[in-house]
file start.pdb (PDB, C-alpha atoms)
MODEL        1
ATOM      1  CA  MET I   1       6.602  41.321  42.977  1.00  0.00           C
ATOM      2  CA  THR I   2       3.528  39.270  42.114  1.00  0.00           C
ATOM      3  CA  GLN I   3       4.240  36.052  40.251  1.00  0.00           C
ATOM      4  CA  PRO I   4       2.139  35.796  37.036  1.00  0.00           C
ATOM      5  CA  ALA I   5      -0.580  33.174  37.259  1.00  0.00           C
ATOM      6  CA  LEU I   6       0.170  29.677  36.009  1.00  0.00           C
ATOM      7  CA  GLY I   7      -2.041  26.642  35.579  1.00  0.00           C
ATOM      8  CA  ALA I   8      -4.877  25.516  33.369  1.00  0.00           C
ATOM      9  CA  ALA I   9      -7.139  28.498  34.003  1.00  0.00           C
ATOM     10  CA  ALA I  10      -4.347  30.956  33.200  1.00  0.00           C
ATOM     11  CA  PHE I  11      -3.628  29.272  29.887  1.00  0.00           C
ATOM     12  CA  ALA I  12      -7.333  29.109  29.046  1.00  0.00           C
ATOM     13  CA  ASP I  13      -7.581  32.867  29.626  1.00  0.00           C
ATOM     14  CA  HIS I  14      -4.618  33.495  27.292  1.00  0.00           C
ATOM     15  CA  ALA I  15      -6.090  31.122  24.705  1.00  0.00           C
ATOM     16  CA  ARG I  16      -9.481  32.839  24.727  1.00  0.00           C
ATOM     17  CA  GLU I  17      -7.849  36.229  24.308  1.00  0.00           C
ATOM     18  CA  ALA I  18      -5.675  34.941  21.477  1.00  0.00           C
ATOM     19  CA  VAL I  19      -8.660  33.422  19.674  1.00  0.00           C
ATOM     20  CA  GLU I  20     -10.649  36.647  19.866  1.00  0.00           C
ATOM     21  CA  ARG I  21      -7.677  38.724  18.709  1.00  0.00           C
ATOM     22  CA  VAL I  22      -6.852  36.384  15.818  1.00  0.00           C
ATOM     23  CA  VAL I  23     -10.450  36.253  14.595  1.00  0.00           C
ATOM     24  CA  ALA I  24     -10.739  40.038  14.669  1.00  0.00           C
ATOM     25  CA  GLY I  25      -7.336  40.662  13.137  1.00  0.00           C
ATOM     26  CA  ASN I  26      -7.623  38.233  10.216  1.00  0.00           C
ATOM     27  CA  LYS I  27     -11.053  39.051   8.800  1.00  0.00           C
ATOM     28  CA  ASN I  28      -9.710  40.412   5.521  1.00  0.00           C
ATOM     29  CA  SER I  29      -6.925  37.857   5.223  1.00  0.00           C
ATOM     30  CA  VAL I  30      -9.338  34.957   5.704  1.00  0.00           C
ATOM     31  CA  VAL I  31     -11.505  36.286   2.873  1.00  0.00           C
ATOM     32  CA  VAL I  32      -8.505  36.609   0.550  1.00  0.00           C
ATOM     33  CA  ALA I  33      -7.174  33.151   1.434  1.00  0.00           C
ATOM     34  CA  ALA I  34     -10.620  31.583   1.049  1.00  0.00           C
ATOM     35  CA  ARG I  35     -10.946  33.086  -2.421  1.00  0.00           C
ATOM     36  CA  LEU I  36      -7.638  31.453  -3.371  1.00  0.00           C
ATOM     37  CA  PHE I  37      -8.766  28.102  -1.927  1.00  0.00           C
ATOM     38  CA  ALA I  38     -12.089  28.236  -3.759  1.00  0.00           C
ATOM     39  CA  ASP I  39     -10.522  29.234  -7.066  1.00  0.00           C
ATOM     40  CA  CYS I  40      -8.015  26.388  -6.768  1.00  0.00           C
ATOM     41  CA  VAL I  41     -10.683  23.764  -6.086  1.00  0.00           C
ATOM     42  CA  ALA I  42     -12.953  25.106  -8.843  1.00  0.00           C
ATOM     43  CA  ALA I  43     -10.058  24.853 -11.309  1.00  0.00           C
ATOM     44  CA  ASP I  44      -9.448  21.177 -10.408  1.00  0.00           C
ATOM     45  CA  GLY I  45      -6.382  22.189  -8.428  1.00  0.00           C
ATOM     46  CA  VAL I  46      -4.812  20.734  -5.313  1.00  0.00           C
ATOM     47  CA  ILE I  47      -3.921  22.669  -2.152  1.00  0.00           C
ATOM     48  CA  HIS I  48      -0.413  21.747  -0.963  1.00  0.00           C
ATOM     49  CA  ALA I  49       0.381  22.390   2.713  1.00  0.00           C
ATOM     50  CA  PHE I  50       3.926  22.522   4.083  1.00  0.00           C
ATOM     51  CA  GLY I  51       5.135  23.027   7.610  1.00  0.00           C
ATOM     52  CA  THR I  52       8.149  21.933   9.624  1.00  0.00           C
ATOM     53  CA  GLY I  53       8.380  21.209  13.338  1.00  0.00           C
ATOM     54  CA  HIS I  54       5.119  21.896  15.144  1.00  0.00           C
ATOM     55  CA  SER I  55       3.821  23.740  12.100  1.00  0.00           C
ATOM     56  CA  GLN I  56       3.136  20.294  10.669  1.00  0.00           C
ATOM     57  CA  ALA I  57       0.059  20.251  12.909  1.00  0.00           C
ATOM     58  CA  ALA I  58      -1.525  23.026  10.854  1.00  0.00           C
ATOM     59  CA  ALA I  59      -0.589  21.227   7.634  1.00  0.00           C
ATOM     60  CA  LEU I  60      -2.439  18.181   8.977  1.00  0.00           C
ATOM     61  CA  GLU I  61      -5.482  20.401   9.569  1.00  0.00           C
ATOM     62  CA  ILE I  62      -5.471  21.177   5.845  1.00  0.00           C
ATOM     63  CA  ALA I  63      -4.590  17.849   4.250  1.00  0.00           C
ATOM     64  CA  GLY I  64      -6.638  14.684   4.644  1.00  0.00           C
ATOM     65  CA  ARG I  65      -8.824  15.783   7.543  1.00  0.00           C
ATOM     66  CA  ALA I  66     -12.446  14.778   8.163  1.00  0.00           C
ATOM     67  CA  GLY I  67     -14.565  17.817   7.385  1.00  0.00           C
ATOM     68  CA  GLY I  68     -11.824  19.230   5.176  1.00  0.00           C
ATOM     69  CA  LEU I  69     -11.315  19.528   1.454  1.00  0.00           C
ATOM     70  CA  VAL I  70     -10.350  16.408  -0.481  1.00  0.00           C
ATOM     71  CA  PRO I  71      -7.949  18.012  -3.030  1.00  0.00           C
ATOM     72  CA  THR I  72      -5.263  18.624  -0.415  1.00  0.00           C
ATOM     73  CA  SER I  73      -1.724  17.324  -0.169  1.00  0.00           C
ATOM     74  CA  ARG I  74       0.859  17.558   2.618  1.00  0.00           C
ATOM     75  CA  ILE I  75       4.530  18.224   1.991  1.00  0.00           C
ATOM     76  CA  ALA I  76       6.961  17.189   4.734  1.00  0.00           C
ATOM     77  CA  LEU I  77      10.722  17.044   5.134  1.00  0.00           C
ATOM     78  CA  ALA I  78      10.233  13.294   5.623  1.00  0.00           C
ATOM     79  CA  ASP I  79       9.250  13.127   1.928  1.00  0.00           C
ATOM     80  CA  LEU I  80      12.952  13.395   1.129  1.00  0.00           C
ATOM     81  CA  VAL I  81      13.403   9.916   2.631  1.00  0.00           C
ATOM     82  CA  LEU I  82      10.035   8.206   2.350  1.00  0.00           C
ATOM     83  CA  ARG I  83       9.381   9.122  -1.279  1.00  0.00           C
ATOM     84  CA  GLY I  84      12.620  10.752  -2.417  1.00  0.00           C
ATOM     85  CA  GLY I  85      15.147   8.018  -1.682  1.00  0.00           C
ATOM     86  CA  GLU I  86      17.417  10.061   0.602  1.00  0.00           C
ATOM     87  CA  ASP I  87      19.351   8.393   3.403  1.00  0.00           C
ATOM     88  CA  PRO I  88      17.208   8.344   6.574  1.00  0.00           C
ATOM     89  CA  ALA I  89      20.115   9.911   8.425  1.00  0.00           C
ATOM     90  CA  VAL I  90      19.246  13.243   6.822  1.00  0.00           C
ATOM     91  CA  LEU I  91      16.219  13.514   9.116  1.00  0.00           C
ATOM     92  CA  ALA I  92      18.392  13.248  12.223  1.00  0.00           C
ATOM     93  CA  ASP I  93      19.567  16.819  11.729  1.00  0.00           C
ATOM     94  CA  PRO I  94      17.532  18.947  14.170  1.00  0.00           C
ATOM     95  CA  LEU I  95      18.286  22.005  12.027  1.00  0.00           C
ATOM     96  CA  LEU I  96      17.300  20.456   8.703  1.00  0.00           C
ATOM     97  CA  GLU I  97      14.638  23.129   8.166  1.00  0.00           C
ATOM     98  CA  ARG I  98      17.429  25.716   8.109  1.00  0.00           C
ATOM     99  CA  ALA I  99      19.355  23.908   5.371  1.00  0.00           C
ATOM    100  CA  PRO I 100      19.334  25.625   1.961  1.00  0.00           C
ATOM    101  CA  GLY I 101      18.596  23.809  -1.271  1.00  0.00           C
ATOM    102  CA  LEU I 102      15.722  21.530  -0.235  1.00  0.00           C
ATOM    103  CA  ALA I 103      12.921  23.320  -2.056  1.00  0.00           C
ATOM    104  CA  ASP I 104      13.543  22.002  -5.569  1.00  0.00           C
ATOM    105  CA  ARG I 105      13.341  18.406  -4.359  1.00  0.00           C
ATOM    106  CA  LEU I 106      10.284  18.972  -2.175  1.00  0.00           C
ATOM    107  CA  TYR I 107       8.500  20.791  -5.003  1.00  0.00           C
ATOM    108  CA  ALA I 108       9.232  17.976  -7.460  1.00  0.00           C
ATOM    109  CA  LEU I 109       8.005  15.327  -5.024  1.00  0.00           C
ATOM    110  CA  ALA I 110       4.745  17.256  -4.581  1.00  0.00           C
ATOM    111  CA  THR I 111       4.025  16.820  -8.328  1.00  0.00           C
ATOM    112  CA  PRO I 112       2.077  20.099  -8.583  1.00  0.00           C
ATOM    113  CA  ARG I 113       0.075  21.275 -11.572  1.00  0.00           C
ATOM    114  CA  PRO I 114      -0.115  24.923 -12.681  1.00  0.00           C
ATOM    115  CA  GLN I 115      -3.519  25.521 -11.068  1.00  0.00           C
ATOM    116  CA  ASP I 116      -2.379  24.255  -7.656  1.00  0.00           C
ATOM    117  CA  LEU I 117      -2.158  26.422  -4.540  1.00  0.00           C
ATOM    118  CA  PHE I 118       0.455  26.299  -1.776  1.00  0.00           C
ATOM    119  CA  VAL I 119      -0.005  26.998   1.927  1.00  0.00           C
ATOM    120  CA  ILE I 120       3.230  27.335   3.883  1.00  0.00           C
ATOM    121  CA  ILE I 121       3.092  27.373   7.665  1.00  0.00           C
ATOM    122  CA  SER I 122       5.917  28.646   9.849  1.00  0.00           C
ATOM    123  CA  ASN I 123       5.715  30.460  13.157  1.00  0.00           C
ATOM    124  CA  SER I 124       9.028  32.262  12.574  1.00  0.00           C
ATOM    125  CA  GLY I 125       8.782  32.397   8.778  1.00  0.00           C
ATOM    126  CA  VAL I 126      12.551  32.788   8.401  1.00  0.00           C
ATOM    127  CA  ASN I 127      14.085  29.329   7.977  1.00  0.00           C
ATOM    128  CA  ASN I 128      15.644  28.391   4.642  1.00  0.00           C
ATOM    129  CA  ALA I 129      13.397  25.448   3.786  1.00  0.00           C
ATOM    130  CA  VAL I 130      10.307  27.618   4.227  1.00  0.00           C
ATOM    131  CA  VAL I 131      11.558  30.670   2.341  1.00  0.00           C
ATOM    132  CA  ASP I 132      13.186  28.586  -0.404  1.00  0.00           C
ATOM    133  CA  LEU I 133       9.914  26.776  -1.071  1.00  0.00           C
ATOM    134  CA  ALA I 134       7.972  30.051  -1.017  1.00  0.00           C
ATOM    135  CA  LEU I 135      10.355  31.493  -3.604  1.00  0.00           C
ATOM    136  CA  LYS I 136      10.105  28.319  -5.688  1.00  0.00           C
ATOM    137  CA  VAL I 137       6.312  28.173  -5.813  1.00  0.00           C
ATOM    138  CA  THR I 138       5.808  31.872  -6.474  1.00  0.00           C
ATOM    139  CA  ALA I 139       8.413  31.794  -9.258  1.00  0.00           C
ATOM    140  CA  ALA I 140       6.448  28.902 -10.771  1.00  0.00           C
ATOM    141  CA  GLY I 141       3.293  31.027 -10.721  1.00  0.00           C
ATOM    142  CA  HIS I 142       1.397  29.314  -7.908  1.00  0.00           C
ATOM    143  CA  PRO I 143      -0.646  31.389  -5.455  1.00  0.00           C
ATOM    144  CA  LEU I 144       0.771  31.256  -1.928  1.00  0.00           C
ATOM    145  CA  VAL I 145      -0.940  31.549   1.443  1.00  0.00           C
ATOM    146  CA  ALA I 146       1.354  32.078   4.444  1.00  0.00           C
ATOM    147  CA  LEU I 147       0.377  31.157   7.994  1.00  0.00           C
ATOM    148  CA  THR I 148       2.842  32.711  10.420  1.00  0.00           C
ATOM    149  CA  SER I 149       3.322  34.810  13.541  1.00  0.00           C
ATOM    150  CA  LEU I 150       3.937  38.372  12.439  1.00  0.00           C
ATOM    151  CA  ALA I 151       5.149  39.282  15.930  1.00  0.00           C
ATOM    152  CA  HIS I 152       7.770  36.540  15.831  1.00  0.00           C
ATOM    153  CA  THR I 153       8.863  36.943  12.225  1.00  0.00           C
ATOM    154  CA  HIS I 154       9.544  40.675  12.644  1.00  0.00           C
ATOM    155  CA  ALA I 155      11.392  40.151  15.936  1.00  0.00           C
ATOM    156  CA  VAL I 156      14.089  37.795  14.621  1.00  0.00           C
ATOM    157  CA  PRO I 157      16.732  38.109  11.886  1.00  0.00           C
ATOM    158  CA  ALA I 158      15.942  36.856   8.398  1.00  0.00           C
ATOM    159  CA  LEU I 159      18.050  33.721   7.904  1.00  0.00           C
ATOM    160  CA  HIS I 160      17.586  33.381   4.136  1.00  0.00           C
ATOM    161  CA  ALA I 161      20.318  34.839   1.921  1.00  0.00           C
ATOM    162  CA  SER I 162      17.689  36.941   0.122  1.00  0.00           C
ATOM    163  CA  GLY I 163      16.718  38.681   3.353  1.00  0.00           C
ATOM    164  CA  ARG I 164      13.108  37.682   2.666  1.00  0.00           C
ATOM    165  CA  ARG I 165      10.628  36.202   5.102  1.00  0.00           C
ATOM    166  CA  LEU I 166       7.674  33.944   4.338  1.00  0.00           C
ATOM    167  CA  ALA I 167       5.204  36.783   4.879  1.00  0.00           C
ATOM    168  CA  ASP I 168       7.015  38.896   2.281  1.00  0.00           C
ATOM    169  CA  LEU I 169       6.218  36.421  -0.484  1.00  0.00           C
ATOM    170  CA  ALA I 170       2.587  35.457   0.052  1.00  0.00           C
ATOM    171  CA  ASP I 171      -0.604  36.506  -1.706  1.00  0.00           C
ATOM    172  CA  ALA I 172      -2.432  36.175   1.622  1.00  0.00           C
ATOM    173  CA  VAL I 173      -0.901  36.274   5.106  1.00  0.00           C
ATOM    174  CA  LEU I 174      -2.713  34.704   8.046  1.00  0.00           C
ATOM    175  CA  ASP I 175      -1.296  35.898  11.385  1.00  0.00           C
ATOM    176  CA  ASN I 176      -1.679  33.286  14.126  1.00  0.00           C
ATOM    177  CA  GLY I 177      -1.182  35.957  16.780  1.00  0.00           C
ATOM    178  CA  ALA I 178       1.429  33.979  18.708  1.00  0.00           C
ATOM    179  CA  PRO I 179       3.993  36.029  20.623  1.00  0.00           C
ATOM    180  CA  THR I 180       7.707  35.850  19.906  1.00  0.00           C
ATOM    181  CA  GLY I 181       8.724  32.385  21.069  1.00  0.00           C
ATOM    182  CA  ASP I 182       5.084  31.191  20.965  1.00  0.00           C
ATOM    183  CA  ALA I 183       4.685  30.413  24.690  1.00  0.00           C
ATOM    184  CA  VAL I 184       2.344  32.632  26.732  1.00  0.00           C
ATOM    185  CA  LEU I 185       2.731  31.856  30.452  1.00  0.00           C
ATOM    186  CA  PRO I 186       5.819  33.562  31.983  1.00  0.00           C
ATOM    187  CA  LEU I 187       8.011  31.484  34.302  1.00  0.00           C
ATOM    188  CA  PRO I 188      10.229  32.836  37.103  1.00  0.00           C
ATOM    189  CA  ASP I 189      13.442  32.152  35.161  1.00  0.00           C
ATOM    190  CA  GLY I 190      12.378  34.407  32.289  1.00  0.00           C
ATOM    191  CA  THR I 191      11.233  31.621  29.960  1.00  0.00           C
ATOM    192  CA  ALA I 192       7.603  30.870  29.177  1.00  0.00           C
ATOM    193  CA  LEU I 193       5.210  27.939  29.090  1.00  0.00           C
ATOM    194  CA  CYS I 194       2.464  26.700  26.762  1.00  0.00           C
ATOM    195  CA  GLY I 195       2.556  27.584  23.080  1.00  0.00           C
ATOM    196  CA  VAL I 196      -0.583  28.996  21.517  1.00  0.00           C
ATOM    197  CA  SER I 197       0.206  28.877  17.788  1.00  0.00           C
ATOM    198  CA  THR I 198      -1.181  25.371  17.177  1.00  0.00           C
ATOM    199  CA  LEU I 199      -4.551  26.414  18.564  1.00  0.00           C
ATOM    200  CA  THR I 200      -4.807  29.667  16.622  1.00  0.00           C
ATOM    201  CA  SER I 201      -3.362  28.241  13.409  1.00  0.00           C
ATOM    202  CA  SER I 202      -5.902  25.416  13.421  1.00  0.00           C
ATOM    203  CA  LEU I 203      -8.642  27.980  13.978  1.00  0.00           C
ATOM    204  CA  LEU I 204      -7.500  30.021  10.979  1.00  0.00           C
ATOM    205  CA  VAL I 205      -7.283  26.947   8.743  1.00  0.00           C
ATOM    206  CA  GLN I 206     -10.832  25.920   9.585  1.00  0.00           C
ATOM    207  CA  MET I 207     -12.108  29.469   9.072  1.00  0.00           C
ATOM    208  CA  VAL I 208     -10.553  29.576   5.599  1.00  0.00           C
ATOM    209  CA  VAL I 209     -11.960  26.160   4.706  1.00  0.00           C
ATOM    210  CA  ALA I 210     -15.430  27.168   5.898  1.00  0.00           C
ATOM    211  CA  GLU I 211     -15.328  30.419   3.939  1.00  0.00           C
ATOM    212  CA  SER I 212     -14.006  28.743   0.789  1.00  0.00           C
ATOM    213  CA  VAL I 213     -16.720  26.087   0.827  1.00  0.00           C
ATOM    214  CA  ALA I 214     -19.344  28.813   1.263  1.00  0.00           C
ATOM    215  CA  LEU I 215     -17.914  30.521  -1.830  1.00  0.00           C
ATOM    216  CA  LEU I 216     -17.914  27.298  -3.840  1.00  0.00           C
ATOM    217  CA  LEU I 217     -21.538  26.539  -2.969  1.00  0.00           C
ATOM    218  CA  ALA I 218     -22.630  30.094  -3.749  1.00  0.00           C
ATOM    219  CA  GLU I 219     -20.956  29.822  -7.152  1.00  0.00           C
ATOM    220  CA  GLY I 220     -22.609  26.532  -8.075  1.00  0.00           C
ATOM    221  CA  HIS I 221     -19.789  24.097  -7.306  1.00  0.00           C
ATOM    222  CA  GLU I 222     -20.113  20.892  -5.301  1.00  0.00           C
ATOM    223  CA  PRO I 223     -17.266  21.020  -2.777  1.00  0.00           C
ATOM    224  CA  PRO I 224     -15.353  17.741  -2.408  1.00  0.00           C
ATOM    225  CA  VAL I 225     -15.278  17.329   1.382  1.00  0.00           C
ATOM    226  CA  TYR I 226     -14.042  14.415   3.468  1.00  0.00           C
ATOM    227  CA  VAL I 227     -16.265  12.650   5.947  1.00  0.00           C
ATOM    228  CA  SER I 228     -14.813  10.605   8.767  1.00  0.00           C
ATOM    229  CA  ALA I 229     -13.510   7.259   7.577  1.00  0.00           C
ATOM    230  CA  ASN I 230     -14.822   5.892  10.879  1.00  0.00           C
ATOM    231  CA  LEU I 231     -18.437   6.501   9.874  1.00  0.00           C
ATOM    232  CA  PRO I 232     -20.268   3.708   8.033  1.00  0.00           C
ATOM    233  CA  GLY I 233     -19.411   4.021   4.339  1.00  0.00           C
ATOM    234  CA  GLY I 234     -17.049   6.932   5.017  1.00  0.00           C
ATOM    235  CA  HIS I 235     -13.906   5.312   3.656  1.00  0.00           C
ATOM    236  CA  GLU I 236     -15.657   4.193   0.481  1.00  0.00           C
ATOM    237  CA  ARG I 237     -17.169   7.644  -0.107  1.00  0.00           C
ATOM    238  CA  ASN I 238     -13.819   9.341   0.409  1.00  0.00           C
ATOM    239  CA  ALA I 239     -12.091   6.919  -1.952  1.00  0.00           C
ATOM    240  CA  VAL I 240     -14.483   7.869  -4.765  1.00  0.00           C
ATOM    241  CA  LEU I 241     -13.695  11.558  -4.268  1.00  0.00           C
ATOM    242  CA  GLU I 242      -9.951  10.937  -4.015  1.00  0.00           C
ATOM    243  CA  ALA I 243     -10.009   8.995  -7.286  1.00  0.00           C
ATOM    244  CA  ARG I 244     -10.637  12.285  -9.115  1.00  0.00           C
ATOM    245  CA  TYR I 245      -7.134  13.365  -8.066  1.00  0.00           C
ATOM    246  CA  ALA I 246      -5.310  10.061  -8.571  1.00  0.00           C
ATOM    247  CA  GLY I 247      -1.555  10.405  -8.069  1.00  0.00           C
ATOM    248  CA  ARG I 248      -1.827  14.016  -6.879  1.00  0.00           C
ATOM    249  CA  LEU I 249      -2.630  13.642  -3.161  1.00  0.00           C
ATOM    250  CA  HIS I 250       0.325  12.967  -0.900  1.00  0.00           C
ATOM    251  CA  ARG I 251       0.188  12.733   2.867  1.00  0.00           C
ATOM    252  CA  GLY I 252       3.649  13.720   4.038  1.00  0.00           C
ATOM    253  CA  GLY I 253       5.616  10.689   2.939  1.00  0.00           C
ATOM    254  CA  HIS I 254       2.734   8.240   2.462  1.00  0.00           C
TER     255      HIS I 254
ENDMDL
END
call {"tool": "encode", "arguments": {"input": "start.pdb", "output": "structure tokens"}}
result
Amino acid sequence: MTQPALGAAAFADHAREAVERVVAGNKNSVVVAARLFADCVAADGVIHAFGTGHSQAAALEIAGRAGGLVPTSRIALADLVLRGGEDPAVLADPLLERAPGLADRLYALATPRPQDLFVIISNSGVNNAVVDLALKVTAAGHPLVALTSLAHTHAVPALHASGRRLADLADAVLDNGAPTGDAVLPLPDGTALCGVSTLTSSLLVQMVVAESVALLLAEGHEPPVYVSANLPGGHERNAVLEARYAGRLHRGGH
């Protein structure tokens, strides 16, 4: 039996294939999500991004990034401690994202307004914190974009008492194309190496941002976009734009 290829070149081949597949498979979803982003920004709304575990990387791609939209805010489980006054010991639980009942507190700490949009990122899309928050924001009337792996979410049991998954609740679903378990290079013991979801999720986020800014410009709006704070005058320029949303932009506990 031939051992599947490992190494940098093997992962690069998988990554290229995943990128092409994700771009092709999300054309309609990117358009729908971009429309929601553009409408939110045009209505003086804020885009709130939430992810747990490694899905926080995609939330960071949305909120506070050079080249990204200014009216963006990141929700994190750490908010419970850093802004919510909970005992730091709560964050020591490796299964905190599976705990029920966190959504009300996270939603309140995000201080959303009615015109705000939520983006929830979860590879599995089944943990309680993710589904609870999705139910909370949709019940409150906010549009919801889900970024998930459809292969993974349909391959595992729904953990939420409602039987719902993140993808079931969203107005737009972006499929990051990651396989069940995320990793793509098979190992001899039956496990696998090298997750691909961070790469493809970041790609999808940037595609949606690019499309939404194109919509805003075409419709006569001036998109509020960050420049790098490490360019001359960048910090000062960004601060002027952020001042329009005073008290509404949170950065995952900060």
call {"tool": "resolve_selection", "arguments": {"input": "start.pdb", "expression": "the PyMOL selection byres ((chain I and resi 48) around 12)", "output": "VMD selection string"}}
result
chain I and resid 37 40 to 41 45 to 47 49 to 51 58 to 64 69 to 76 106 to 107 109 to 113 115 to 121 133 to 134 137 142 to 146 248 to 252
call {"tool": "residues_around", "arguments": {"input": "start.pdb", "residues": "I:Ala24", "least_positions_apart": "5", "cutoff": "12 Å", "atoms": "all atoms listed in the file", "output": "VMD selection string"}}
result
chain I and resid 17 to 19 29 to 30 174 to 177 204
call {"tool": "axis_aligned_box", "arguments": {"input": "start.pdb", "around": "stretch 177-187 of chain I", "padding_each_side": "8 Å", "output": "lines of an AutoDock Vina configuration file"}}
result
center_x = 3.8
center_y = 33.2
center_z = 25.5
size_x = 25.9
size_y = 21.6
size_z = 33.5
call {"tool": "residues_near_point", "arguments": {"input": "start.pdb", "point": "(9.1, 30.4, -0.6)", "cutoff": "10 Å", "atoms": "only C-alpha atoms", "output": "number ranges by chain"}}
result
I: 103, 118, 120, 125-139, 144, 146, 164-170
call {"tool": "write_last_selection", "arguments": {"input": "start.pdb", "atoms": "C-alpha atoms", "output": "short mmCIF file (atom, residue, chain, number, x, y, z; two decimals), in the coordinates of the input"}}
result
data_model
loop_
_atom_site.label_atom_id
_atom_site.label_comp_id
_atom_site.auth_asym_id
_atom_site.auth_seq_id
_atom_site.Cartn_x
_atom_site.Cartn_y
_atom_site.Cartn_z
CA ALA I 103 12.92 23.32 -2.06
CA PHE I 118 0.46 26.30 -1.78
CA ILE I 120 3.23 27.34 3.88
CA GLY I 125 8.78 32.40 8.78
CA VAL I 126 12.55 32.79 8.40
CA ASN I 127 14.08 29.33 7.98
CA ASN I 128 15.64 28.39 4.64
CA ALA I 129 13.40 25.45 3.79
CA VAL I 130 10.31 27.62 4.23
CA VAL I 131 11.56 30.67 2.34
CA ASP I 132 13.19 28.59 -0.40
CA LEU I 133 9.91 26.78 -1.07
CA ALA I 134 7.97 30.05 -1.02
CA LEU I 135 10.36 31.49 -3.60
CA LYS I 136 10.10 28.32 -5.69
CA VAL I 137 6.31 28.17 -5.81
CA THR I 138 5.81 31.87 -6.47
CA ALA I 139 8.41 31.79 -9.26
CA LEU I 144 0.77 31.26 -1.93
CA ALA I 146 1.35 32.08 4.44
CA ARG I 164 13.11 37.68 2.67
CA ARG I 165 10.63 36.20 5.10
CA LEU I 166 7.67 33.94 4.34
CA ALA I 167 5.20 36.78 4.88
CA ASP I 168 7.02 38.90 2.28
CA LEU I 169 6.22 36.42 -0.48
CA ALA I 170 2.59 35.46 0.05
#
call {"tool": "residues_near_point", "arguments": {"input": "start.pdb", "point": "(16.9, 24.7, 10.6)", "cutoff": "12 Å", "atoms": "all atoms listed in the file", "output": "list in words"}}
result
Thr52, Gly53, Leu77, Leu91, Ala92, Asp93, Pro94, Leu95, Leu96, Glu97, Arg98, Ala99, Pro100, Leu102, Ser122, Ser124, Gly125, Val126, Asn127, Asn128, Ala129, Val130, Val131, Leu159 and His160 of chain I
call {"tool": "atom_distance", "arguments": {"input": "start.pdb", "atom1": "atom CA of I:Ala155", "atom2": "atom CA of I:Thr180"}}
result
6.9 Å
call {"tool": "closest_residue", "arguments": {"input": "start.pdb", "among": "I:Val31, I:Val209, I:Leu216, I:Cys194", "to": "I:Ala43", "atoms": "all atoms listed in the file"}}
result
I:Leu216
call {"tool": "atom_distance", "arguments": {"input": "start.pdb", "atom1": "atom CA of I:Leu36", "atom2": "atom CA of I:His152"}}
result
25.1 Å
call {"tool": "atom_distance", "arguments": {"input": "start.pdb", "atom1": "atom CA of I:Ser55", "atom2": "atom CA of I:Glu242"}}
result
24.8 Å
call {"tool": "closest_residue", "arguments": {"input": "start.pdb", "among": "I:Ala246, I:Leu203, I:Val227, I:Leu217", "to": "I:Ala66", "atoms": "all atoms listed in the file"}}
result
I:Val227
call {"tool": "resolve_selection", "arguments": {"input": "start.pdb", "expression": "the PyMOL selection byres ((chain I and resi 222) around 12)", "output": "list of chain:residue names"}}
result
I:Ala38, I:Val41, I:Ala42, I:Asp44, I:Leu69, I:Val70, I:Ser212, I:Val213, I:Ala214, I:Leu215, I:Leu216, I:Leu217, I:Ala218, I:Glu219, I:Gly220, I:His221, I:Pro223, I:Pro224, I:Val225, I:Leu241
call {"tool": "closest_residue", "arguments": {"input": "start.pdb", "among": "I:Gly85, I:Gly195, I:Gly233, I:Pro186", "to": "I:Ala5", "atoms": "all atoms listed in the file"}}
result
I:Pro186
